[in-house]
$ cat coords-v8.json   # JSON, C-alpha atoms
[["chain", "number", "residue", "atom", "x", "y", "z"],
["A", 243, "MET", "CA", -19.21, -2.10, 18.98],
["A", 244, "LYS", "CA", -22.15, -1.85, 16.62],
["A", 245, "THR", "CA", -20.90, -1.26, 13.09],
["A", 246, "SER", "CA", -22.67, 0.95, 10.61],
["A", 247, "GLN", "CA", -23.57, -0.18, 7.10],
["A", 248, "GLU", "CA", -23.97, 1.96, 4.01],
["A", 249, "THR", "CA", -27.43, 2.18, 2.42],
["A", 250, "ALA", "CA", -28.77, 4.18, -0.51],
["A", 251, "ALA", "CA", -30.30, 7.54, 0.35],
["A", 252, "ASN", "CA", -33.58, 8.89, -1.06],
["A", 253, "THR", "CA", -32.52, 12.07, -2.80],
["A", 254, "PHE", "CA", -33.71, 13.95, -5.88],
["A", 255, "SER", "CA", -32.17, 15.17, -9.10],
["A", 256, "GLY", "CA", -31.45, 18.88, -8.81],
["A", 257, "TYR", "CA", -32.32, 19.80, -12.40],
["A", 258, "PRO", "CA", -36.16, 19.75, -12.09],
["A", 259, "VAL", "CA", -35.82, 21.67, -8.84],
["A", 260, "LEU", "CA", -33.57, 24.16, -10.64],
["A", 261, "VAL", "CA", -36.35, 24.76, -13.20],
["A", 262, "LEU", "CA", -38.80, 25.34, -10.35],
["A", 263, "LEU", "CA", -36.31, 27.76, -8.77],
["A", 264, "LEU", "CA", -36.05, 29.74, -12.01],
["A", 265, "ALA", "CA", -39.86, 29.84, -12.28],
["A", 266, "ALA", "CA", -40.06, 31.20, -8.72],
["A", 267, "MET", "CA", -37.54, 33.90, -9.61],
["A", 268, "VAL", "CA", -39.60, 34.90, -12.67],
["A", 269, "LEU", "CA", -42.78, 35.12, -10.61],
["A", 270, "ALA", "CA", -40.94, 37.18, -7.97],
["A", 271, "VAL", "CA", -39.74, 39.63, -10.62],
["A", 272, "MET", "CA", -43.26, 39.90, -12.09],
["A", 273, "ALA", "CA", -44.72, 40.56, -8.63],
["A", 274, "LEU", "CA", -42.05, 43.20, -8.01],
["A", 275, "LEU", "CA", -42.88, 44.93, -11.30],
["A", 276, "ARG", "CA", -46.57, 44.82, -10.45],
["A", 277, "LEU", "CA", -45.85, 46.45, -7.11],
["A", 278, "GLY", "CA", -43.97, 49.17, -8.91],
["A", 279, "GLY", "CA", -47.07, 49.79, -11.04],
["A", 280, "GLY", "CA", -49.29, 50.17, -8.02],
["A", 281, "GLY", "CA", -50.31, 46.54, -7.54],
["A", 282, "GLY", "CA", -52.29, 45.43, -4.52],
["A", 283, "GLY", "CA", -51.80, 42.99, -1.67],
["A", 284, "PHE", "CA", -51.79, 39.94, -3.94],
["A", 285, "ALA", "CA", -48.54, 41.13, -5.52],
["A", 286, "VAL", "CA", -47.00, 41.53, -2.08],
["A", 287, "PHE", "CA", -48.12, 38.06, -1.04],
["A", 288, "THR", "CA", -46.77, 36.57, -4.29],
["A", 289, "LEU", "CA", -43.40, 38.30, -3.86],
["A", 290, "ILE", "CA", -43.00, 37.10, -0.26],
["A", 291, "ALA", "CA", -44.07, 33.56, -1.15],
["A", 292, "MET", "CA", -41.64, 33.37, -4.06],
["A", 293, "ILE", "CA", -38.76, 34.66, -1.91],
["A", 294, "VAL", "CA", -39.51, 32.04, 0.77],
["A", 295, "LEU", "CA", -39.76, 29.31, -1.88],
["A", 296, "TRP", "CA", -36.54, 30.46, -3.51],
["A", 297, "VAL", "CA", -34.66, 30.32, -0.18],
["A", 298, "PHE", "CA", -36.20, 26.92, 0.61],
["A", 299, "LEU", "CA", -35.21, 25.43, -2.75],
["A", 300, "ILE", "CA", -31.69, 26.82, -2.91],
["A", 301, "ALA", "CA", -30.92, 25.50, 0.60],
["A", 302, "GLY", "CA", -31.38, 21.91, -0.59],
["A", 303, "PHE", "CA", -28.92, 21.94, -3.50],
["A", 304, "TYR", "CA", -25.58, 20.14, -3.48],
["A", 305, "MET", "CA", -23.31, 18.75, -6.19],
["A", 306, "LEU", "CA", -21.43, 15.45, -6.40],
["A", 307, "GLN", "CA", -18.43, 14.88, -8.64],
["A", 308, "PRO", "CA", -17.41, 11.39, -9.87],
["A", 309, "ASN", "CA", -16.20, 9.10, -7.07],
["A", 310, "ASN", "CA", -17.65, 11.37, -4.41],
["A", 311, "ALA", "CA", -20.51, 10.59, -2.04],
["A", 312, "ALA", "CA", -22.75, 12.44, 0.39],
["A", 313, "VAL", "CA", -23.74, 10.92, 3.72],
["A", 314, "ILE", "CA", -27.30, 12.04, 4.51],
["A", 315, "THR", "CA", -28.46, 12.52, 8.11],
["A", 316, "LEU", "CA", -31.68, 13.69, 9.75],
["A", 317, "PHE", "CA", -31.15, 15.25, 13.18],
["A", 318, "GLY", "CA", -28.13, 13.01, 13.74],
["A", 319, "SER", "CA", -29.75, 9.84, 12.38],
["A", 320, "TYR", "CA", -28.20, 8.17, 9.33],
["A", 321, "ARG", "CA", -30.51, 8.24, 6.30],
["A", 322, "GLY", "CA", -28.29, 6.73, 3.61],
["A", 323, "THR", "CA", -25.53, 7.68, 1.19],
["A", 324, "ASP", "CA", -25.98, 9.38, -2.17],
["A", 325, "ARG", "CA", -23.40, 8.35, -4.81],
["A", 326, "THR", "CA", -25.21, 9.78, -7.89],
["A", 327, "ASN", "CA", -23.10, 12.33, -9.75],
["A", 328, "GLY", "CA", -24.31, 15.76, -10.78],
["A", 329, "LEU", "CA", -26.65, 18.34, -9.29],
["A", 330, "ARG", "CA", -28.68, 16.87, -6.42],
["A", 331, "TRP", "CA", -31.37, 18.13, -4.05],
["A", 332, "ILE", "CA", -32.50, 17.07, -0.61],
["A", 333, "TRP", "CA", -34.86, 18.50, 1.97],
["A", 334, "PRO", "CA", -33.08, 21.49, 3.53],
["A", 335, "TRP", "CA", -33.46, 20.18, 7.11],
["A", 336, "MET", "CA", -31.47, 17.06, 6.25],
["A", 337, "GLY", "CA", -27.71, 17.19, 6.76],
["A", 338, "ARG", "CA", -25.21, 16.07, 4.15],
["A", 339, "HIS", "CA", -21.53, 15.27, 4.67],
["A", 340, "LYS", "CA", -19.46, 14.90, 1.52],
["A", 341, "ILE", "CA", -16.78, 12.23, 1.45],
["A", 342, "SER", "CA", -14.33, 11.20, -1.25],
["A", 343, "ALA", "CA", -14.46, 7.64, -2.56],
["A", 344, "ARG", "CA", -11.39, 8.13, -4.74],
["A", 345, "ALA", "CA", -8.14, 6.21, -4.32],
["A", 346, "HIS", "CA", -5.70, 7.76, -1.85],
["A", 347, "ASN", "CA", -1.96, 7.22, -1.99],
["A", 348, "ILE", "CA", 0.13, 7.34, 1.19],
["A", 349, "HIS", "CA", 3.90, 7.05, 1.40],
["A", 350, "SER", "CA", 4.64, 6.32, 5.04],
["A", 351, "GLU", "CA", 7.48, 7.78, 7.04],
["A", 352, "LYS", "CA", 10.53, 5.62, 7.71],
["A", 353, "VAL", "CA", 10.11, 3.81, 11.00],
["A", 354, "LYS", "CA", 12.69, 1.87, 13.00],
["A", 355, "ILE", "CA", 11.66, -1.61, 14.10],
["A", 356, "ASN", "CA", 13.30, -4.87, 15.16],
["A", 357, "ASP", "CA", 13.00, -7.77, 12.75],
["A", 358, "LEU", "CA", 12.38, -11.37, 13.80],
["A", 359, "ARG", "CA", 16.02, -11.78, 14.91],
["A", 360, "GLY", "CA", 16.02, -8.52, 16.86],
["A", 361, "ASN", "CA", 18.09, -6.55, 14.37],
["A", 362, "PRO", "CA", 17.07, -2.86, 14.12],
["A", 363, "ILE", "CA", 15.97, -1.92, 10.60],
["A", 364, "ASP", "CA", 14.52, 1.14, 8.87],
["A", 365, "ILE", "CA", 11.40, 0.39, 6.85],
["A", 366, "ALA", "CA", 8.74, 2.35, 4.92],
["A", 367, "CYS", "CA", 5.84, 1.47, 2.63],
["A", 368, "ASN", "CA", 3.44, 2.86, 0.05],
["A", 369, "VAL", "CA", -0.30, 2.18, 0.40],
["A", 370, "VAL", "CA", -3.20, 2.81, -1.99],
["A", 371, "TRP", "CA", -6.55, 2.88, -0.17],
["A", 372, "ARG", "CA", -10.11, 4.11, -0.68],
["A", 373, "VAL", "CA", -13.36, 4.40, 1.24],
["A", 374, "GLN", "CA", -15.62, 1.44, 0.55],
["A", 375, "ASP", "CA", -18.33, 1.96, 3.19],
["A", 376, "THR", "CA", -19.05, 5.65, 3.80],
["A", 377, "ALA", "CA", -21.23, 4.98, 6.84],
["A", 378, "GLN", "CA", -18.42, 3.19, 8.66],
["A", 379, "ALA", "CA", -15.88, 5.85, 7.67],
["A", 380, "VAL", "CA", -18.03, 8.69, 9.02],
["A", 381, "PHE", "CA", -19.73, 7.15, 12.06],
["A", 382, "ASP", "CA", -17.52, 4.29, 13.32],
["A", 383, "VAL", "CA", -14.22, 6.18, 13.69],
["A", 384, "ASP", "CA", -13.46, 9.72, 14.77],
["A", 385, "ASP", "CA", -11.27, 10.72, 11.80],
["A", 386, "TYR", "CA", -10.93, 8.03, 9.15],
["A", 387, "LYS", "CA", -7.88, 9.63, 7.49],
["A", 388, "GLU", "CA", -5.92, 9.91, 10.73],
["A", 389, "PHE", "CA", -7.08, 6.43, 11.70],
["A", 390, "THR", "CA", -5.77, 5.09, 8.38],
["A", 391, "ASN", "CA", -2.37, 6.72, 8.80],
["A", 392, "ILE", "CA", -1.92, 5.32, 12.30],
["A", 393, "GLN", "CA", -3.01, 1.80, 11.30],
["A", 394, "ILE", "CA", -0.64, 1.79, 8.31],
["A", 395, "GLU", "CA", 2.31, 2.41, 10.62],
["A", 396, "ALA", "CA", 1.07, -0.18, 13.11],
["A", 397, "GLY", "CA", 0.55, -2.78, 10.35],
["A", 398, "LEU", "CA", 3.99, -2.08, 8.92],
["A", 399, "ARG", "CA", 5.58, -2.64, 12.33],
["A", 400, "THR", "CA", 3.66, -5.89, 12.81],
["A", 401, "VAL", "CA", 4.60, -7.39, 9.45],
["A", 402, "GLY", "CA", 8.22, -6.23, 9.70],
["A", 403, "ALA", "CA", 8.65, -7.92, 13.09],
["A", 404, "ARG", "CA", 7.37, -11.28, 11.79],
["A", 405, "HIS", "CA", 10.29, -11.96, 9.44],
["A", 406, "PRO", "CA", 14.07, -11.58, 9.41],
["A", 407, "TYR", "CA", 15.68, -8.93, 7.24],
["A", 408, "ASP", "CA", 17.84, -11.44, 5.39],
["A", 409, "ASP", "CA", 18.34, -15.19, 5.36],
["A", 410, "MET", "CA", 20.94, -16.38, 7.84],
["A", 411, "GLY", "CA", 20.06, -20.04, 7.72],
["A", 412, "GLU", "CA", 18.18, -22.66, 5.79],
["A", 413, "GLU", "CA", 15.12, -22.19, 7.99],
["A", 414, "ASP", "CA", 14.61, -18.59, 6.81],
["A", 415, "GLU", "CA", 12.20, -19.25, 3.95],
["A", 416, "THR", "CA", 10.55, -15.80, 3.98],
["A", 417, "THR", "CA", 12.65, -12.66, 4.44],
["A", 418, "LEU", "CA", 11.92, -8.97, 4.13],
["A", 419, "ARG", "CA", 14.63, -8.47, 1.52],
["A", 420, "GLY", "CA", 14.22, -11.62, -0.56],
["A", 421, "SER", "CA", 10.44, -12.25, -0.51],
["A", 422, "ALA", "CA", 8.95, -8.98, -1.73],
["A", 423, "ASP", "CA", 5.78, -10.47, -3.21],
["A", 424, "VAL", "CA", 4.99, -12.46, -0.06],
["A", 425, "ILE", "CA", 5.69, -9.51, 2.26],
["A", 426, "ASN", "CA", 3.61, -7.09, 0.16],
["A", 427, "ALA", "CA", 0.65, -9.49, 0.08],
["A", 428, "GLU", "CA", 0.93, -10.04, 3.83],
["A", 429, "LEU", "CA", 1.08, -6.29, 4.46],
["A", 430, "GLN", "CA", -2.02, -5.70, 2.32],
["A", 431, "ALA", "CA", -3.94, -8.42, 4.16],
["A", 432, "GLU", "CA", -2.85, -7.03, 7.55],
["A", 433, "LEU", "CA", -3.96, -3.51, 6.65],
["A", 434, "ASN", "CA", -7.30, -4.66, 5.24],
["A", 435, "ASP", "CA", -7.97, -6.50, 8.48],
["A", 436, "ARG", "CA", -7.10, -3.44, 10.56],
["A", 437, "LEU", "CA", -9.01, -0.91, 8.43],
["A", 438, "LYS", "CA", -12.22, -2.80, 7.81],
["A", 439, "VAL", "CA", -13.73, -1.27, 10.97],
["A", 440, "ALA", "CA", -13.51, 2.13, 9.22],
["A", 441, "GLY", "CA", -14.91, 0.92, 5.90],
["A", 442, "ILE", "CA", -11.50, 1.30, 4.24],
["A", 443, "VAL", "CA", -10.15, -1.15, 1.65],
["A", 444, "VAL", "CA", -6.47, -1.34, 0.66],
["A", 445, "ASP", "CA", -5.96, -1.93, -3.06],
["A", 446, "GLU", "CA", -2.16, -2.06, -3.02],
["A", 447, "ALA", "CA", 0.60, -2.10, -0.42],
["A", 448, "GLY", "CA", 4.34, -2.57, -0.76],
["A", 449, "LEU", "CA", 7.67, -1.77, 0.88],
["A", 450, "THR", "CA", 9.48, 1.23, -0.55],
["A", 451, "HIS", "CA", 12.46, 1.37, 1.81],
["A", 452, "LEU", "CA", 14.29, -1.38, 3.64],
["A", 453, "ALA", "CA", 17.73, -1.10, 5.24],
["A", 454, "TYR", "CA", 19.59, -1.95, 8.39],
["A", 455, "ALA", "CA", 19.62, 0.82, 10.96],
["A", 456, "SER", "CA", 22.69, 3.01, 10.90],
["A", 457, "GLU", "CA", 24.11, 1.60, 14.14],
["A", 458, "ILE", "CA", 24.52, -1.90, 12.69],
["A", 459, "ALA", "CA", 24.71, -1.17, 8.97],
["A", 460, "GLY", "CA", 28.54, -1.41, 8.89],
["A", 461, "ALA", "CA", 28.65, -4.74, 10.70],
["A", 462, "MET", "CA", 25.95, -6.23, 8.49],
["A", 463, "LEU", "CA", 27.73, -5.02, 5.36],
["A", 464, "ARG", "CA", 30.91, -6.81, 6.45],
["A", 465, "ARG", "CA", 28.88, -9.96, 7.12],
["A", 466, "GLN", "CA", 27.34, -9.81, 3.65],
["A", 467, "GLN", "CA", 30.76, -9.29, 2.10],
["A", 468, "ALA", "CA", 32.13, -12.29, 4.01],
["A", 469, "GLU", "CA", 29.22, -14.44, 2.88],
["A", 470, "ALA", "CA", 29.84, -13.40, -0.73],
["A", 471, "VAL", "CA", 33.54, -14.31, -0.47],
["A", 472, "ILE", "CA", 32.71, -17.69, 1.09],
["A", 473, "ALA", "CA", 30.14, -18.44, -1.61],
["A", 474, "ALA", "CA", 32.61, -17.50, -4.35],
["A", 475, "ARG", "CA", 35.36, -19.62, -2.80],
["A", 476, "ALA", "CA", 33.04, -22.59, -2.45],
["A", 477, "LYS", "CA", 32.06, -22.37, -6.10],
["A", 478, "LEU", "CA", 35.72, -22.03, -7.13],
["A", 479, "VAL", "CA", 36.77, -25.08, -5.10],
["A", 480, "MET", "CA", 33.96, -27.20, -6.51],
["A", 481, "GLY", "CA", 34.99, -26.23, -10.02],
["A", 482, "ALA", "CA", 38.64, -26.93, -9.31],
["A", 483, "VAL", "CA", 37.85, -30.39, -7.91],
["A", 484, "SER", "CA", 35.87, -31.22, -11.03],
["A", 485, "MET", "CA", 38.74, -30.09, -13.27],
["A", 486, "VAL", "CA", 41.32, -32.10, -11.30],
["A", 487, "GLU", "CA", 39.12, -35.17, -11.50],
["A", 488, "MET", "CA", 38.76, -34.72, -15.25],
["A", 489, "ALA", "CA", 42.53, -34.32, -15.65],
["A", 490, "LEU", "CA", 43.32, -37.51, -13.71],
["A", 491, "ASP", "CA", 40.67, -39.49, -15.57],
["A", 492, "LYS", "CA", 42.00, -38.25, -18.89],
["A", 493, "LEU", "CA", 45.58, -39.21, -18.02],
["A", 494, "LYS", "CA", 44.45, -42.67, -16.98],
["A", 495, "ALA", "CA", 42.15, -43.17, -19.98],
["A", 496, "ASP", "CA", 44.79, -42.18, -22.53],
["A", 497, "ASP", "CA", 47.49, -44.17, -20.68],
["A", 498, "ILE", "CA", 49.77, -41.16, -20.82],
["A", 499, "VAL", "CA", 51.43, -41.77, -17.49],
["A", 500, "ASP", "CA", 51.03, -44.22, -14.64],
["A", 501, "LEU", "CA", 51.09, -42.35, -11.36],
["A", 502, "THR", "CA", 51.64, -43.80, -7.93],
["A", 503, "PRO", "CA", 49.31, -42.71, -5.12],
["A", 504, "ASP", "CA", 51.93, -40.28, -3.83],
["A", 505, "GLN", "CA", 52.42, -38.79, -7.29],
["A", 506, "ARG", "CA", 48.66, -38.46, -7.73],
["A", 507, "ALA", "CA", 48.47, -36.64, -4.40],
["A", 508, "ASP", "CA", 51.27, -34.25, -5.45],
["A", 509, "MET", "CA", 49.57, -33.58, -8.78],
["A", 510, "VAL", "CA", 46.22, -32.91, -7.10],
["A", 511, "ALA", "CA", 47.88, -30.49, -4.68],
["A", 512, "ASN", "CA", 49.66, -28.63, -7.45],
["A", 513, "LEU", "CA", 46.56, -28.41, -9.63],
["A", 514, "MET", "CA", 44.47, -27.13, -6.72],
["A", 515, "VAL", "CA", 47.09, -24.45, -6.02],
["A", 516, "VAL", "CA", 47.02, -23.37, -9.66],
["A", 517, "LEU", "CA", 43.22, -23.34, -9.94],
["A", 518, "CYS", "CA", 42.34, -21.87, -6.53],
["A", 519, "GLY", "CA", 45.25, -19.53, -5.86],
["A", 520, "ASP", "CA", 44.88, -15.76, -6.12],
["A", 521, "ARG", "CA", 48.37, -15.43, -7.60],
["A", 522, "ASP", "CA", 50.13, -17.11, -10.47],
["A", 523, "ALA", "CA", 51.73, -20.37, -9.39],
["A", 524, "GLN", "CA", 54.49, -22.53, -10.91],
["A", 525, "PRO", "CA", 53.72, -26.08, -9.84],
["A", 526, "VAL", "CA", 56.17, -28.91, -10.38],
["A", 527, "VAL", "CA", 54.39, -31.93, -11.83],
["A", 528, "ASN", "CA", 56.01, -35.23, -10.86],
["A", 529, "THR", "CA", 55.63, -37.66, -13.78],
["A", 530, "GLY", "CA", 57.58, -40.44, -12.15],
["A", 531, "LYS", "CA", 60.46, -40.27, -14.67],
["A", 532, "GLY", "CA", 64.01, -39.42, -13.79]]

$ encode --input "coords-v8.json" --output "structure tokens"
Amino acid sequence: MKTSQETAANTFSGYPVLVLLLAAMVLAVMALLRLGGGGGGFAVFTLIAMIVLWVFLIAGFYMLQPNNAAVITLFGSYRGTDRTNGLRWIWPWMGRHKISARAHNIHSEKVKINDLRGNPIDIACNVVWRVQDTAQAVFDVDDYKEFTNIQIEAGLRTVGARHPYDDMGEEDETTLRGSADVINAELQAELNDRLKVAGIVVDEAGLTHLAYASEIAGAMLRRQQAEAVIAARAKLVMGAVSMVEMALDKLKADDIVDLTPDQRADMVANLMVVLCGDRDAQPVVNTGKG
């Protein structure tokens, strides 16, 4: 498909033309007054000419606010884009289609997709976009706003399916939940690639909603709770082992008591019960004395 490219249009400032329009109105009023006083055919000709000129001039006016543009066409042929603010004027037979170049903010609807592991998740995003090339936006797609909305949903589905929701193994380096910066940058790049055909540039994109789908949310919550308990237990055991090791080394260094291997094993067991148990324990420490 041949892509369009924005070029500058040859238009005119509307203020000099406005002065000419006012002059034509003054001459028309003077000719009308002269007709009322019994003027001849010249007054009639002047009045008709000024009316035609007034209609011709007023038909070419249009106004552009900041960050707006006008796509100029001549009998369907593109003749450039006018981005100059203020009162503008163009030949009346030339068409002009106004288009906003301001930033647009879209908060997408929640969509249900399957992540990399096949788990159904609900996901939504927020996108800030603007028209960069007005010619592409007007001529290369049917409706650039509808096109943008559809491509945002398609890009969101594509990026969401590339990664798992959460890390379930050491190989999961990038996840939707834990790698927000990476996912947002990837989503922005994906949308820019999809929308460049319409002359649209995405300035910002990011996830605003991320959750497991309702049908598996309960099971995934129990899995997360189990992982949290396992992680806490592992940390507790490692700390307890370190404390037991310190206690045995201290007893040996200070020559407080000389324990046999069996006594050391009993002491380790009792200390581990005390340090790792959920309830208060009353261990019996065997010191080797009667």

$ closest_residue --input "coords-v8.json" --among "A:Asn356, A:Pro406, A:Val369, A:Ala455" --to "A:Gly420" --atoms "all atoms listed in the file"
A:Pro406

$ atom_distance --input "coords-v8.json" --atom1 "atom CA of A:Ala403" --atom2 "atom CA of A:Pro362"
9.9 Å

$ atom_distance --input "coords-v8.json" --atom1 "atom CA of A:Phe298" --atom2 "atom CA of A:Ala265"
13.7 Å

$ atom_distance --input "coords-v8.json" --atom1 "atom CA of A:Tyr454" --atom2 "atom CA of A:Asn426"
18.7 Å

$ axis_aligned_box --input "coords-v8.json" --around "stretch 340-359 of chain A" --padding-each-side "8 Å" --output "AutoDock Vina command-line options"
--center_x -1.7 --center_y 1.6 --center_z 5.2 --size_x 51.5 --size_y 42.7 --size_z 35.9

$ residues_around --input "coords-v8.json" --residues "A:Gln307" --least-positions-apart "6" --cutoff "12 Å" --atoms "all atoms listed in the file" --output "list in words"
Asp324, Arg325, Thr326, Asn327, Gly328, Leu329, Arg330, Lys340, Ile341, Ser342, Ala343 and Arg344 of chain A

$ closest_atom_pairs --input "coords-v8.json" --of "stretch 360-379 of chain A" --to "stretch 441-450 of chain A" --cutoff "6 Å" --atoms "all atoms listed in the file" --output "CSV"
residue,atom,partner,partner_atom,distance
A:Ala366,CA,A:Thr450,CA,5.6
A:Cys367,CA,A:Leu449,CA,4.1
A:Asn368,CA,A:Gly448,CA,5.6
A:Val369,CA,A:Ala447,CA,4.4
A:Val370,CA,A:Glu446,CA,5.1
A:Trp371,CA,A:Val444,CA,4.3
A:Arg372,CA,A:Val443,CA,5.8
A:Val373,CA,A:Ile442,CA,4.7
A:Gln374,CA,A:Gly441,CA,5.4
A:Asp375,CA,A:Gly441,CA,4.5
A:Gln378,CA,A:Gly441,CA,5.0
A:Ala379,CA,A:Gly441,CA,5.3

$ residues_around --input "coords-v8.json" --residues "A:Val294" --least-positions-apart "4" --cutoff "12 Å" --atoms "all atoms listed in the file" --output "ChimeraX atom specification"
/A:263,266-267,270,287-290,298-301

$ residues_around --input "coords-v8.json" --residues "stretch 431-439 of chain A" --least-positions-apart "6" --cutoff "8 Å" --atoms "all atoms listed in the file" --output "list of chain:residue names"
A:Thr245, A:Gln378, A:Asp382, A:Val383, A:Thr390, A:Gln393, A:Ile394, A:Gly397, A:Val401

$ closest_residue --input "coords-v8.json" --among "A:Pro334, A:Gly402, A:Ala311, A:Leu306" --to "A:Thr416" --atoms "all atoms listed in the file"
A:Gly402

$ closest_residue --input "coords-v8.json" --among "A:Leu260, A:Met305, A:Ala273, A:Leu358" --to "A:Val286" --atoms "only C-alpha atoms"
A:Ala273

$ residues_near_point --input "coords-v8.json" --point "(18.3, -5.5, 9.7)" --cutoff "10 Å" --atoms "all atoms listed in the file" --output "list of chain:residue names"
A:Lys354, A:Ile355, A:Asn356, A:Asp357, A:Leu358, A:Arg359, A:Gly360, A:Asn361, A:Pro362, A:Ile363, A:Asp364, A:Ile365, A:Pro406, A:Tyr407, A:Asp408, A:Leu418, A:Arg419, A:Leu452, A:Ala453, A:Tyr454, A:Ala455, A:Ser456, A:Ile458, A:Ala459, A:Met462

$ build_atoms --input "coords-v8.json" --residues "stretch 435-441 of chain A" --atoms "all heavy atoms" --output "JSON list (two decimals), in the coordinates of the input"
[["chain", "number", "residue", "atom", "x", "y", "z"],
["A", 435, "ASP", "N", -7.36, -6.01, 7.25],
["A", 435, "ASP", "CA", -7.97, -6.50, 8.48],
["A", 435, "ASP", "C", -8.08, -5.39, 9.53],
["A", 435, "ASP", "O", -9.06, -5.32, 10.27],
["A", 435, "ASP", "CB", -7.14, -7.67, 9.02],
["A", 435, "ASP", "CG", -7.76, -8.31, 10.25],
["A", 435, "ASP", "OD1", -8.88, -8.84, 10.15],
["A", 435, "ASP", "OD2", -7.14, -8.25, 11.33],
["A", 436, "ARG", "N", -7.10, -4.52, 9.58],
["A", 436, "ARG", "CA", -7.10, -3.44, 10.56],
["A", 436, "ARG", "C", -8.07, -2.32, 10.19],
["A", 436, "ARG", "O", -8.64, -1.66, 11.07],
["A", 436, "ARG", "CB", -5.69, -2.85, 10.71],
["A", 436, "ARG", "CG", -4.70, -3.76, 11.45],
["A", 436, "ARG", "CD", -3.30, -3.17, 11.43],
["A", 436, "ARG", "NE", -2.39, -3.93, 12.28],
["A", 436, "ARG", "CZ", -2.16, -3.68, 13.55],
["A", 436, "ARG", "NH1", -2.77, -2.67, 14.13],
["A", 436, "ARG", "NH2", -1.32, -4.42, 14.25],
["A", 437, "LEU", "N", -8.24, -2.06, 8.89],
["A", 437, "LEU", "CA", -9.01, -0.91, 8.43],
["A", 437, "LEU", "C", -10.46, -1.22, 8.10],
["A", 437, "LEU", "O", -11.22, -0.30, 7.78],
["A", 437, "LEU", "CB", -8.33, -0.29, 7.20],
["A", 437, "LEU", "CG", -6.95, 0.32, 7.45],
["A", 437, "LEU", "CD1", -6.32, 0.77, 6.14],
["A", 437, "LEU", "CD2", -7.04, 1.49, 8.41],
["A", 438, "LYS", "N", -10.85, -2.48, 8.17],
["A", 438, "LYS", "CA", -12.22, -2.80, 7.81],
["A", 438, "LYS", "C", -13.23, -2.18, 8.77],
["A", 438, "LYS", "O", -14.38, -1.92, 8.38],
["A", 438, "LYS", "CB", -12.41, -4.32, 7.76],
["A", 438, "LYS", "CG", -12.20, -5.03, 9.08],
["A", 438, "LYS", "CD", -12.36, -6.54, 8.91],
["A", 438, "LYS", "CE", -12.14, -7.28, 10.23],
["A", 438, "LYS", "NZ", -12.27, -8.75, 10.06],
["A", 439, "VAL", "N", -12.83, -1.90, 10.00],
["A", 439, "VAL", "CA", -13.73, -1.27, 10.97],
["A", 439, "VAL", "C", -14.09, 0.14, 10.53],
["A", 439, "VAL", "O", -15.15, 0.67, 10.91],
["A", 439, "VAL", "CB", -13.08, -1.25, 12.36],
["A", 439, "VAL", "CG1", -11.87, -0.35, 12.40],
["A", 439, "VAL", "CG2", -14.09, -0.80, 13.41],
["A", 440, "ALA", "N", -13.25, 0.78, 9.71],
["A", 440, "ALA", "CA", -13.51, 2.13, 9.22],
["A", 440, "ALA", "C", -14.05, 2.14, 7.81],
["A", 440, "ALA", "O", -14.17, 3.21, 7.20],
["A", 440, "ALA", "CB", -12.22, 2.96, 9.28],
["A", 441, "GLY", "N", -14.39, 0.97, 7.25],
["A", 441, "GLY", "CA", -14.91, 0.92, 5.90],
["A", 441, "GLY", "C", -13.88, 1.23, 4.83],
["A", 441, "GLY", "O", -14.22, 1.66, 3.73]]
